[in-house]
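Asks: This is work_16.txt (compact mmCIF, C-alpha atoms).
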# COMPACT_ATOMS: atom_id res chain seq x y z
CA MET A 12 18.33 -35.61 19.60
CA ARG A 13 17.94 -35.24 15.86
CA TYR A 14 18.25 -38.00 13.35
CA LYS A 15 21.74 -37.76 11.88
CA ARG A 16 21.68 -37.32 8.12
CA SER A 17 24.43 -38.51 5.82
CA PRO A 18 26.24 -35.86 3.75
CA LEU A 19 24.60 -37.31 0.63
CA MET A 20 21.16 -37.04 2.22
CA GLU A 21 21.88 -33.46 3.32
CA GLU A 22 22.90 -32.58 -0.20
CA ARG A 23 19.77 -34.10 -1.68
CA LEU A 24 17.59 -32.24 0.78
CA ALA A 25 19.29 -28.91 0.07
CA ASP A 26 19.02 -29.61 -3.63
CA ASN A 27 15.28 -30.35 -3.36
CA ARG A 28 14.68 -27.22 -1.35
CA GLN A 29 16.45 -25.17 -3.97
CA ARG A 30 14.48 -26.81 -6.76
CA ILE A 31 11.22 -26.04 -4.99
CA LEU A 32 12.23 -22.40 -4.63
CA VAL A 33 13.28 -22.12 -8.27
CA SER A 34 9.98 -23.65 -9.40
CA ALA A 35 7.92 -21.47 -7.08
CA ARG A 36 9.71 -18.33 -8.20
CA LYS A 37 9.22 -19.26 -11.86
CA LEU A 38 5.50 -19.92 -11.38
CA VAL A 39 4.97 -16.69 -9.42
CA ALA A 40 6.81 -14.77 -12.14
CA GLU A 41 4.59 -16.36 -14.76
CA GLY A 42 1.22 -15.98 -13.05
CA GLY A 43 1.47 -14.66 -9.50
CA PHE A 44 0.82 -16.51 -6.25
CA ARG A 45 -2.35 -17.97 -7.68
CA ALA A 46 -0.28 -19.85 -10.25
CA ALA A 47 2.07 -21.21 -7.60
CA GLN A 48 -0.18 -23.55 -5.68
CA ILE A 49 1.66 -26.38 -3.95
CA ALA A 50 0.54 -28.99 -6.50
CA ALA A 51 1.81 -26.86 -9.38
CA VAL A 52 5.13 -26.21 -7.64
CA ALA A 53 5.53 -29.93 -6.92
CA ALA A 54 4.81 -30.84 -10.54
CA ASP A 55 7.28 -28.27 -11.82
CA ALA A 56 9.97 -29.39 -9.38
CA GLY A 57 9.33 -33.05 -10.11
CA LEU A 58 8.46 -33.84 -6.50
CA SER A 59 5.36 -35.12 -4.78
CA THR A 60 2.94 -32.59 -3.33
CA GLY A 61 3.42 -34.08 0.11
CA SER A 62 7.18 -33.73 -0.05
CA ILE A 63 6.93 -29.95 -0.53
CA TYR A 64 5.60 -29.67 3.01
CA ARG A 65 8.76 -31.34 4.30
CA TYR A 66 10.65 -28.21 3.23
CA PHE A 67 7.96 -25.55 3.64
CA PRO A 68 5.35 -26.09 6.37
CA SER A 69 2.78 -24.06 4.43
CA LYS A 70 2.20 -22.37 1.11
CA ALA A 71 2.57 -19.04 2.91
CA ASP A 72 6.07 -20.00 4.11
CA LEU A 73 7.07 -20.79 0.55
CA PHE A 74 5.65 -17.51 -0.74
CA VAL A 75 7.40 -15.55 1.99
CA GLU A 76 10.72 -17.06 0.95
CA VAL A 77 10.11 -16.36 -2.74
CA LEU A 78 9.18 -12.79 -1.84
CA GLY A 79 12.22 -12.44 0.39
CA GLU A 80 14.58 -13.42 -2.43
CA ALA A 81 12.94 -11.01 -4.86
CA VAL A 82 13.06 -8.20 -2.31
CA LYS A 83 16.72 -8.85 -1.55
CA HIS A 84 17.55 -8.60 -5.23
CA GLU A 85 15.49 -5.43 -5.60
CA ILE A 86 17.03 -3.78 -2.55
CA GLU A 87 20.52 -4.47 -3.91
CA ILE A 88 19.69 -2.71 -7.16
CA LEU A 89 18.12 0.27 -5.38
CA ARG A 90 21.04 0.57 -2.94
CA THR A 91 23.46 0.63 -5.84
CA ILE A 92 21.51 3.48 -7.40
CA ALA A 93 21.25 5.29 -4.05
CA LYS A 94 25.04 5.17 -3.68
CA SER A 95 25.85 6.06 -7.27
CA GLU A 96 27.04 9.39 -8.68
CA GLY A 97 24.66 12.23 -9.33
CA THR A 98 22.43 14.63 -7.47
CA ALA A 99 20.02 13.26 -4.87
CA ALA A 100 17.11 14.23 -7.13
CA ASP A 101 18.64 12.31 -10.00
CA ARG A 102 19.27 9.22 -7.87
CA LEU A 103 15.73 9.41 -6.48
CA ARG A 104 14.32 9.61 -9.98
CA ARG A 105 16.46 6.73 -11.22
CA ALA A 106 15.58 4.53 -8.24
CA VAL A 107 11.83 5.06 -8.64
CA GLU A 108 11.94 4.61 -12.39
CA SER A 109 14.10 1.49 -12.25
CA PHE A 110 11.70 -0.13 -9.77
CA ALA A 111 8.70 0.80 -11.90
CA ARG A 112 10.35 -0.40 -15.09
CA ARG A 113 11.16 -3.79 -13.58
CA ALA A 114 7.59 -4.01 -12.31
CA PHE A 115 6.30 -3.59 -15.85
CA GLU A 116 8.81 -6.16 -17.08
CA GLY A 117 7.83 -8.68 -14.43
CA PRO A 118 4.26 -7.68 -13.59
CA PHE A 119 3.23 -10.92 -11.88
CA LEU A 120 6.17 -10.98 -9.49
CA ALA A 121 5.83 -7.25 -8.81
CA TYR A 122 2.09 -7.55 -8.19
CA ALA A 123 2.73 -10.51 -5.89
CA PHE A 124 5.14 -8.35 -3.95
CA ILE A 125 2.95 -5.25 -3.82
CA ALA A 126 -0.65 -6.31 -3.56
CA GLU A 127 -1.74 -9.77 -4.63
CA PRO A 128 -4.20 -11.02 -2.02
CA ALA A 129 -2.39 -13.58 0.09
CA GLU A 130 -2.01 -15.03 3.57
CA ALA A 131 -1.33 -12.87 6.63
CA GLU A 132 2.28 -14.11 6.70
CA VAL A 133 2.81 -12.58 3.26
CA ASP A 134 1.35 -9.28 4.52
CA ILE A 135 3.89 -9.33 7.34
CA ALA A 136 6.74 -9.93 4.88
CA ARG A 137 5.46 -7.05 2.73
CA ILE A 138 5.40 -4.58 5.60
CA ARG A 139 8.98 -5.52 6.45
CA ALA A 140 10.09 -5.26 2.82
CA ARG A 141 8.48 -1.86 2.35
CA ARG A 142 10.30 -0.59 5.41
CA GLU A 143 13.57 -1.77 3.82
CA PHE A 144 12.70 0.03 0.60
CA GLY A 145 11.87 3.09 2.66
CA ASN A 146 15.33 3.03 4.23
CA VAL A 147 16.99 3.21 0.82
CA PHE A 148 14.93 6.26 -0.11
CA LYS A 149 15.55 7.77 3.29
CA SER A 150 19.29 7.63 2.61
CA ILE A 151 18.81 9.52 -0.66
CA LEU A 152 16.61 12.11 1.06
CA LYS A 153 19.21 12.51 3.79
CA ASP A 154 21.92 13.20 1.21
CA GLY A 155 19.72 15.73 -0.56
CA ILE A 156 18.78 17.52 2.64
CA ALA A 157 22.42 17.60 3.79
CA SER A 158 23.57 19.10 0.49
CA GLY A 159 20.76 21.65 0.50
CA GLU A 160 19.26 20.14 -2.63
CA PHE A 161 16.03 19.25 -0.81
CA PRO A 162 14.35 21.33 1.88
CA ALA A 163 14.43 19.96 5.43
CA GLN A 164 11.75 17.30 5.87
CA ASP A 165 10.95 14.30 8.01
CA GLY A 166 12.89 11.54 6.24
CA ASP A 167 10.97 8.66 7.84
CA VAL A 168 7.61 10.01 6.75
CA ALA A 169 8.67 11.27 3.33
CA SER A 170 10.47 8.04 2.41
CA ALA A 171 7.40 6.00 3.38
CA CYS A 172 5.31 8.35 1.23
CA ILE A 173 7.60 7.67 -1.73
CA VAL A 174 7.39 3.89 -1.35
CA GLY A 175 3.62 4.06 -0.88
CA ALA A 176 3.21 6.31 -3.89
CA PHE A 177 5.12 4.26 -6.43
CA THR A 178 3.89 0.87 -5.27
CA GLU A 179 0.23 1.91 -5.08
CA ALA A 180 0.34 3.61 -8.47
CA LEU A 181 1.67 0.41 -10.04
CA ILE A 182 -1.18 -1.77 -8.75
CA GLY A 183 -3.59 -0.70 -11.49
CA PRO A 184 -1.18 -0.87 -14.44
CA ILE A 185 0.46 -4.20 -13.47
CA GLY A 186 -2.47 -5.81 -11.62
CA PRO A 187 -4.89 -8.31 -13.12
CA THR A 188 -7.75 -5.90 -13.83
CA HIS A 189 -5.97 -3.50 -16.15
CA ARG A 190 -2.71 -5.26 -16.93
CA GLY A 191 -1.19 -3.99 -20.15
CA GLU A 192 -3.81 -1.31 -20.72
CA ARG A 193 -1.74 1.65 -19.61
CA HIS A 194 1.10 3.26 -21.50
CA ARG A 195 4.17 2.16 -19.59
CA GLU A 196 6.32 5.24 -20.09
CA GLN A 197 3.53 7.65 -19.17
CA VAL A 198 2.83 5.79 -15.95
CA ILE A 199 6.53 5.69 -15.05
CA ALA A 200 7.01 9.38 -15.87
CA THR A 201 3.97 10.39 -13.81
CA ILE A 202 5.07 8.38 -10.78
CA SER A 203 8.60 9.66 -11.02
CA LEU A 204 7.58 13.32 -11.39
CA PHE A 205 5.11 12.93 -8.51
CA CYS A 206 7.83 11.69 -6.15
CA LEU A 207 10.39 14.26 -7.28
CA ARG A 208 8.07 17.23 -6.92
CA ALA A 209 6.96 15.93 -3.54
CA VAL A 210 10.39 16.03 -1.94
CA VAL A 211 12.00 18.83 -3.91
CA GLY A 212 10.80 22.15 -2.62
CA PRO A 213 9.64 24.88 -5.00
CA ALA A 214 12.82 26.86 -4.47
CA VAL A 215 14.78 24.09 -6.15
CA LEU A 216 12.24 22.89 -8.67
CA ALA A 217 11.55 26.27 -10.20
CA PRO A 218 15.12 26.99 -11.39
CA ARG A 219 15.63 23.36 -12.48
CA ALA A 220 12.47 23.46 -14.55
CA GLY A 221 13.59 26.68 -16.21
CA ALA A 222 16.83 24.98 -17.18
CA ARG A 223 17.24 26.12 -20.75
CA SER A 224 14.72 28.90 -21.04
CA PRO A 225 13.77 31.27 -18.28
CA ARG A 226 10.06 30.77 -18.88
CA ARG A 227 9.92 27.16 -19.85
CA ARG A 228 9.03 24.96 -16.94
CA ASN A 229 7.94 21.57 -15.94
CA THR A 230 8.93 19.76 -19.10
CA ALA A 231 11.45 17.42 -17.51
CA MET B 8 -37.49 -24.52 -1.02
CA ARG B 9 -36.26 -22.59 1.96
CA TYR B 10 -37.51 -22.95 5.46
CA LYS B 11 -39.91 -20.08 6.03
CA ARG B 12 -38.95 -17.90 8.95
CA SER B 13 -41.46 -16.04 11.07
CA PRO B 14 -41.19 -12.23 11.17
CA LEU B 15 -40.09 -12.51 14.81
CA MET B 16 -37.35 -14.96 13.86
CA GLU B 17 -36.22 -12.73 10.99
CA GLU B 18 -36.02 -9.82 13.37
CA ARG B 19 -33.98 -11.77 15.90
CA LEU B 20 -31.60 -12.92 13.19
CA ALA B 21 -31.12 -9.39 11.87
CA ASP B 22 -30.65 -8.16 15.40
CA ASN B 23 -28.00 -10.80 16.13
CA ARG B 24 -26.17 -10.02 12.93
CA GLN B 25 -26.11 -6.35 13.83
CA ARG B 26 -24.89 -7.12 17.36
CA ILE B 27 -22.06 -9.22 15.96
CA LEU B 28 -21.01 -6.39 13.67
CA VAL B 29 -21.16 -3.82 16.46
CA SER B 30 -19.06 -6.05 18.71
CA ALA B 31 -16.55 -6.83 15.97
CA ARG B 32 -16.18 -3.17 15.06
CA LYS B 33 -15.70 -2.24 18.70
CA LEU B 34 -13.04 -4.91 19.23
CA VAL B 35 -11.19 -3.98 16.02
CA ALA B 36 -11.26 -0.32 17.07
CA GLU B 37 -9.84 -1.28 20.47
CA GLY B 38 -7.13 -3.68 19.35
CA GLY B 39 -7.20 -4.41 15.63
CA PHE B 40 -8.17 -7.65 13.90
CA ARG B 41 -6.08 -9.62 16.36
CA ALA B 42 -8.40 -8.50 19.15
CA ALA B 43 -11.50 -9.50 17.22
CA GLN B 44 -11.17 -13.26 17.12
CA ILE B 45 -14.49 -15.07 16.76
CA ALA B 46 -14.56 -16.18 20.42
CA ALA B 47 -14.00 -12.60 21.61
CA VAL B 48 -16.69 -11.26 19.28
CA ALA B 49 -19.12 -13.93 20.47
CA ALA B 50 -18.43 -13.12 24.10
CA ASP B 51 -18.90 -9.42 23.52
CA ALA B 52 -22.13 -9.96 21.58
CA GLY B 53 -23.45 -12.42 24.16
CA LEU B 54 -23.69 -15.22 21.62
CA SER B 55 -22.09 -18.62 21.29
CA THR B 56 -18.97 -18.92 19.16
CA GLY B 57 -20.71 -21.41 16.91
CA SER B 58 -23.63 -19.07 16.28
CA ILE B 59 -21.33 -16.41 14.83
CA TYR B 60 -20.66 -18.71 11.89
CA ARG B 61 -24.38 -18.78 11.12
CA TYR B 62 -24.07 -15.12 10.16
CA PHE B 63 -20.50 -14.96 8.90
CA PRO B 64 -19.07 -18.09 7.26
CA SER B 65 -15.54 -17.10 8.30
CA LYS B 66 -13.62 -14.60 10.36
CA ALA B 67 -12.43 -13.04 7.10
CA ASP B 68 -16.04 -12.42 6.02
CA LEU B 69 -16.72 -10.65 9.28
CA PHE B 70 -13.58 -8.53 8.95
CA VAL B 71 -14.42 -7.63 5.36
CA GLU B 72 -17.81 -6.36 6.47
CA VAL B 73 -16.34 -4.36 9.36
CA LEU B 74 -13.81 -2.87 6.96
CA GLY B 75 -16.52 -2.13 4.40
CA GLU B 76 -18.54 -0.12 6.91
CA ALA B 77 -15.49 1.86 8.02
CA VAL B 78 -14.50 2.57 4.43
CA LYS B 79 -18.01 3.70 3.53
CA HIS B 80 -17.97 6.16 6.39
CA GLU B 81 -14.51 7.42 5.45
CA ILE B 82 -15.40 7.82 1.78
CA GLU B 83 -18.44 9.91 2.72
CA ILE B 84 -16.27 12.28 4.73
CA LEU B 85 -13.67 12.57 1.97
CA ARG B 86 -16.33 13.12 -0.70
CA THR B 87 -17.85 15.92 1.35
CA ILE B 88 -14.44 17.59 1.55
CA ALA B 89 -13.82 17.01 -2.17
CA LYS B 90 -17.08 18.78 -3.03
CA SER B 91 -16.69 21.61 -0.54
CA GLU B 92 -15.67 25.22 -1.20
CA GLY B 93 -12.06 26.20 -1.69
CA THR B 94 -9.22 25.69 -4.13
CA ALA B 95 -8.40 22.18 -5.26
CA ALA B 96 -5.09 22.42 -3.38
CA ASP B 97 -6.93 23.37 -0.21
CA ARG B 98 -9.42 20.52 -0.57
CA LEU B 99 -6.63 18.07 -1.29
CA ARG B 100 -4.79 19.22 1.80
CA ARG B 101 -7.90 19.01 3.98
CA ALA B 102 -8.83 15.56 2.67
CA VAL B 103 -5.37 14.11 3.34
CA GLU B 104 -5.10 15.74 6.76
CA SER B 105 -8.57 14.70 7.86
CA PHE B 106 -7.86 11.07 6.95
CA ALA B 107 -4.52 11.18 8.76
CA ARG B 108 -6.03 12.84 11.81
CA ARG B 109 -8.76 10.21 12.11
CA ALA B 110 -6.12 7.51 11.69
CA PHE B 111 -4.27 8.89 14.71
CA GLU B 112 -7.52 9.10 16.66
CA GLY B 113 -8.49 5.52 15.82
CA PRO B 114 -5.11 3.87 15.16
CA PHE B 115 -6.27 0.27 15.50
CA LEU B 116 -9.12 0.60 13.02
CA ALA B 117 -6.94 2.61 10.63
CA TYR B 118 -4.11 0.10 10.86
CA ALA B 119 -6.60 -2.72 10.28
CA PHE B 120 -7.74 -0.94 7.17
CA ILE B 121 -4.30 -0.07 5.85
CA ALA B 122 -1.91 -2.84 6.73
CA GLU B 123 -2.69 -5.25 9.55
CA PRO B 124 -1.73 -8.71 8.34
CA ALA B 125 -4.95 -10.55 7.55
CA GLU B 126 -6.60 -13.07 5.25
CA ALA B 127 -6.48 -12.77 1.46
CA GLU B 128 -10.16 -11.72 1.44
CA VAL B 129 -9.23 -8.68 3.52
CA ASP B 130 -6.46 -7.84 1.03
CA ILE B 131 -9.05 -7.93 -1.75
CA ALA B 132 -11.33 -5.58 0.19
CA ARG B 133 -8.40 -3.23 0.77
CA ILE B 134 -7.47 -3.03 -2.89
CA ARG B 135 -11.09 -2.18 -3.71
CA ALA B 136 -11.29 0.41 -0.94
CA ARG B 137 -8.06 2.10 -1.99
CA ARG B 138 -9.38 2.41 -5.51
CA GLU B 139 -12.47 4.15 -4.09
CA PHE B 140 -10.27 6.51 -2.11
CA GLY B 141 -8.27 7.13 -5.27
CA ASN B 142 -11.43 8.15 -7.13
CA VAL B 143 -12.16 10.87 -4.58
CA PHE B 144 -8.66 12.30 -5.00
CA LYS B 145 -8.92 11.96 -8.76
CA SER B 146 -11.99 14.21 -8.70
CA ILE B 147 -10.06 16.88 -6.78
CA LEU B 148 -7.14 16.60 -9.21
CA LYS B 149 -9.52 16.89 -12.14
CA ASP B 150 -10.98 20.11 -10.73
CA GLY B 151 -7.52 21.52 -10.13
CA ILE B 152 -6.30 20.64 -13.61
CA ALA B 153 -9.46 22.06 -15.23
CA SER B 154 -9.08 25.35 -13.36
CA GLY B 155 -5.38 25.59 -14.21
CA GLU B 156 -4.47 25.32 -10.56
CA PHE B 157 -2.56 22.07 -11.14
CA PRO B 158 -0.47 21.24 -14.19
CA ALA B 159 -1.84 18.57 -16.52
CA GLN B 160 -1.09 15.12 -15.14
CA ASP B 161 -2.36 11.58 -15.30
CA GLY B 162 -5.17 11.61 -12.72
CA ASP B 163 -5.37 7.83 -12.34
CA VAL B 164 -1.69 7.50 -11.55
CA ALA B 165 -1.34 10.65 -9.45
CA SER B 166 -4.41 9.86 -7.32
CA ALA B 167 -3.10 6.36 -6.64
CA CYS B 168 0.23 7.92 -5.66
CA ILE B 169 -1.57 10.15 -3.17
CA VAL B 170 -3.48 7.29 -1.56
CA GLY B 171 -0.34 5.15 -1.44
CA ALA B 172 1.69 7.97 0.06
CA PHE B 173 -0.59 8.89 2.95
CA THR B 174 -1.56 5.33 3.84
CA GLU B 175 2.01 3.98 3.75
CA ALA B 176 3.36 6.90 5.77
CA LEU B 177 0.80 6.21 8.50
CA ILE B 178 1.78 2.56 8.95
CA GLY B 179 4.78 3.38 11.12
CA PRO B 180 3.18 6.03 13.33
CA ILE B 181 -0.12 4.16 13.92
CA GLY B 182 1.14 0.57 13.62
CA PRO B 183 2.05 -1.68 16.54
CA THR B 184 5.83 -1.21 16.40
CA HIS B 185 6.01 2.54 16.86
CA ARG B 186 2.48 3.49 17.88
CA GLY B 187 2.41 6.77 19.74
CA GLU B 188 6.11 7.47 19.33
CA ARG B 189 5.81 10.02 16.58
CA HIS B 190 4.61 13.59 16.91
CA ARG B 191 1.17 13.56 15.34
CA GLU B 192 1.12 17.04 13.87
CA GLN B 193 4.58 16.72 12.34
CA VAL B 194 3.66 13.47 10.63
CA ILE B 195 0.39 14.92 9.33
CA ALA B 196 2.08 18.09 8.09
CA THR B 197 4.83 16.13 6.31
CA ILE B 198 2.35 13.84 4.57
CA SER B 199 0.14 16.71 3.57
CA LEU B 200 3.01 18.84 2.21
CA PHE B 201 4.39 15.81 0.35
CA CYS B 202 1.09 15.24 -1.47
CA LEU B 203 0.52 18.91 -2.20
CA ARG B 204 3.97 19.51 -3.64
CA ALA B 205 3.67 16.35 -5.68
CA VAL B 206 0.60 17.41 -7.63
CA VAL B 207 1.10 21.17 -7.67
CA GLY B 208 3.67 21.98 -10.30
CA PRO B 209 6.46 24.47 -9.69
CA ALA B 210 4.64 27.05 -11.82
CA VAL B 211 2.06 27.29 -9.09
CA LEU B 212 4.18 26.43 -6.08
CA ALA B 213 6.95 28.92 -6.82
CA PRO B 214 4.73 32.01 -6.86
CA ARG B 215 2.83 30.66 -3.85
CA ALA B 216 6.11 30.49 -2.00
CA GLY B 217 6.61 34.19 -2.78
CA ALA B 218 3.18 34.80 -1.28
CA ARG B 219 2.38 38.39 -2.22
CA SER B 220 4.52 38.73 -5.33
CA PRO B 221 2.70 40.09 -8.42
CA ARG B 222 3.77 37.03 -10.39
CA ARG B 223 1.44 34.88 -8.35
CA ARG B 224 -1.15 33.13 -10.43
CA ASN B 225 -3.38 30.13 -10.71
CA THR B 226 -4.71 30.49 -7.24
CA ALA B 227 -8.38 30.20 -8.17
Rewrite the structure from the file as structure tokens, please.
Replies:
Amino acid sequence: MRYKRSPLMEERLADNRQRILVSARKLVAEGGFRAAQIAAVAADAGLSTGSIYRYFPSKADLFVEVLGEAVKHEIEILRTIAKSEGTAADRLRRAVESFARRAFEGPFLAYAFIAEPAEAEVDIARIRARREFGNVFKSILKDGIASGEFPAQDGDVASACIVGAFTEALIGPIGPTHRGERHREQVIATISLFCLRAVVGPAVLAPRAGARSPRRRNTA
Amino acid sequence: MRYKRSPLMEERLADNRQRILVSARKLVAEGGFRAAQIAAVAADAGLSTGSIYRYFPSKADLFVEVLGEAVKHEIEILRTIAKSEGTAADRLRRAVESFARRAFEGPFLAYAFIAEPAEAEVDIARIRARREFGNVFKSILKDGIASGEFPAQDGDVASACIVGAFTEALIGPIGPTHRGERHREQVIATISLFCLRAVVGPAVLAPRAGARSPRRRNTA
């Protein structure tokens, strides 16, 4: 049998847990996982280091929850784009570019999600999250294939390729080694064009590229 | 001053170290990192668990070295393909397909390299390895851009996209959840076509699609 907590106690506990999460998220956003050590989170939340472990058994558990919240938010944005108006190619482009743009705006959080070296539990959460991202892109691919906009292709494999492509290509530009060195819009445009070309067959790309002049191509 | 070891002792130490690595590599190839716990490695190498730590301070150090050897081998193969005869598109295709094919042949080792949840040190080694892979693909892209076979594009970003695409797309098919469920050749063909389309602009792809048309160009 569990110790019965008073409503006031329950409220305080829930409040503390929330404060820990807010502090952890803030510190990760400001400097990645490395900036969100338990002692730093405790100091920011105004709690003792020991008390953090009452809510999160390990640092990895805390990171996984911070990551989970960020992923949930990101997935909501991408799903909204996936379901919005426009051609499948346009929605694909907007989804990739919006992810990349947010990654540049919040490089520490994005790097923590994509690649920052962390515990095995974080790796597990990442694999799961990337599969969720893949499902959003798979739905766009499915639409495009159904409408004839994209050639038939294996949606599971192609959507994983898309997620792998844009996340991997962001590691350099947003990661600690070269952060801020690369021209944001060029990186975003390259990633976006890479993914578009990859799923759009030549039969579709060629006429689109020649949009306003029969010989002009590839200037999108 | 260090304790001076006899040549015989040095030899035995080097021999033990090598045996540990051979055992670890074998166990990872047979069942991933999870199958290569220190006790299992020690048993396979015929050494005591404690003695393993004399050579590798931690399990992560051992894994990083196993990964490093596998990556070195893989990079050599990819570099050979990158420098071989043929168009840049053909070399790109062969490099991606040869990596994917080996991943299917050695799924546990490939999964350990790409995604198996592991210590932060392993994540660091992975980031480094992926950058090395990226450099090989960057050299192929550079050739293709120089010869006019590929349109101008940011080689750093596009090569990272390629590495991200083929590694991420392999996680499902070679990983523990769906291992063996997917048709190998279809997965490989989808990944390969994805990467090729992505870097080859429509100007090249379109005429290629119309194989023998007189408007075909840039096929050097």
Asks: Pull the closest atom pair for each residue of chain B that gets at most 7 Å from chain A, along with the distance in Å to one decimal, counting all atoms listed in the file, ordering rows by chain and then ascending residue number, as a Markdown table.
Replies:
| residue | atom | partner | partner_atom | distance |
| --- | --- | --- | --- | --- |
| B:Pro124 | CA | A:Ala131 | CA | 4.5 |
| B:Ala125 | CA | A:Ala131 | CA | 4.4 |
| B:Glu126 | CA | A:Glu130 | CA | 5.3 |
| B:Ala127 | CA | A:Ala129 | CA | 4.4 |
| B:Glu128 | CA | A:Pro128 | CA | 6.9 |
| B:Asp130 | CA | A:Pro128 | CA | 5.0 |
| B:Ile131 | CA | A:Pro128 | CA | 5.8 |
| B:Asp161 | CA | A:Thr201 | CA | 6.6 |
| B:Val164 | CA | A:Ala180 | CA | 5.4 |
| B:Ala165 | CA | A:Thr201 | CA | 6.9 |
| B:Ala167 | CA | A:Ala180 | CA | 4.8 |
| B:Cys168 | CA | A:Ala176 | CA | 3.8 |
| B:Ile169 | CA | A:Ala176 | CA | 6.2 |
| B:Gly171 | CA | A:Gly175 | CA | 4.1 |
| B:Ala172 | CA | A:Cys172 | CA | 3.8 |
| B:Phe173 | CA | A:Cys172 | CA | 6.2 |
| B:Glu175 | CA | A:Gly175 | CA | 4.9 |
| B:Ala176 | CA | A:Ala171 | CA | 4.8 |
| B:Val194 | CA | A:Val168 | CA | 6.5 |
| B:Thr197 | CA | A:Asp165 | CA | 6.6 |
| B:Ile198 | CA | A:Val168 | CA | 6.9 |
| B:Phe201 | CA | A:Ala209 | CA | 4.7 |
| B:Cys202 | CA | A:Ala209 | CA | 6.3 |
| B:Arg204 | CA | A:Ala209 | CA | 4.7 |
| B:Ala205 | CA | A:Ala209 | CA | 3.9 |
| B:Val206 | CA | A:Phe205 | CA | 6.4 |
| B:Pro209 | CA | A:Ala217 | CA | 5.4 |
| B:Leu212 | CA | A:Pro213 | CA | 5.8 |
| B:Ala213 | CA | A:Pro213 | CA | 5.2 |
Asks: Would you work out the distance separating CA of Asp51 (chain B) from CA of Leu69 (chain B), expressed in Å to one decimal?
Replies: 14.5 Å
Asks: What gap, in Å, lies between CA of Val71 (chain B) and CA of Ile121 (chain B)?
Replies: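 Taking CA of Val71 (chain B) as the start and CA of Ile121 (chain B) as the end point, the length is 12.6 Å.
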Asks: Between CA of Ile181 (chain B) and CA of Tyr118 (chain B), measure the distance and give it in Å to one decimal.
Replies: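 Result for CA of Ile181 (chain B) versus CA of Tyr118 (chain B): 6.5 Å, one decimal.
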Asks: Once chain A is fitted onto chain B over all Cα atoms in order, please give the RMSD.
Replies: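 After least-squares fitting, the two copies differ by 2.5 Å C-alpha RMSD.
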Asks: So which residues touch region 87-91 of chain B within 8 Å, counting all atoms listed in the file, skipping near sequence neighbours fewer than 6 positions away, as a list in words?
Replies: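 Listing them by chain and then by number gives Arg98, Leu99, Arg101, Ala102, Val143, Phe144, Ser146 and Ile147 of chain B.
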Asks: Could those residues be written to a file, using C-alpha atoms, as a PDB file, in the coordinates of the input?
Replies:
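Saved to out23.pdb:
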ATOM      1  CA  ARG B  98      -9.420  20.520  -0.570  1.00  0.00           C
ATOM      2  CA  LEU B  99      -6.630  18.070  -1.290  1.00  0.00           C
ATOM      3  CA  ARG B 101      -7.900  19.010   3.980  1.00  0.00           C
ATOM      4  CA  ALA B 102      -8.830  15.560   2.670  1.00  0.00           C
ATOM      5  CA  VAL B 143     -12.160  10.870  -4.580  1.00  0.00           C
ATOM      6  CA  PHE B 144      -8.660  12.300  -5.000  1.00  0.00           C
ATOM      7  CA  SER B 146     -11.990  14.210  -8.700  1.00  0.00           C
ATOM      8  CA  ILE B 147     -10.060  16.880  -6.780  1.00  0.00           C
TER       9      ILE B 147
END
Asks: Which is closer to Asp154 (chain A) than all the others in A:Ala53, A:Ala100, A:Val107, A:Ala121, using all atoms listed in the file?
Replies: A:Ala100
Asks: Quick one: residues within 9 Å of Pro114 (chain B), all atoms listed in the file counted, chain neighbours fewer than 2 positions away excluded, as a PyMOL selection string?
Replies: chain B and resi 36-39+109-112+116-119+180-182+186
Asks: Residues at most 8 Å from Gln44 (chain B), counting only C-alpha atoms, excluding those fewer than 4 positions away in the same chain, as a ChimeraX atom specification?
Replies: /B:40,48,66
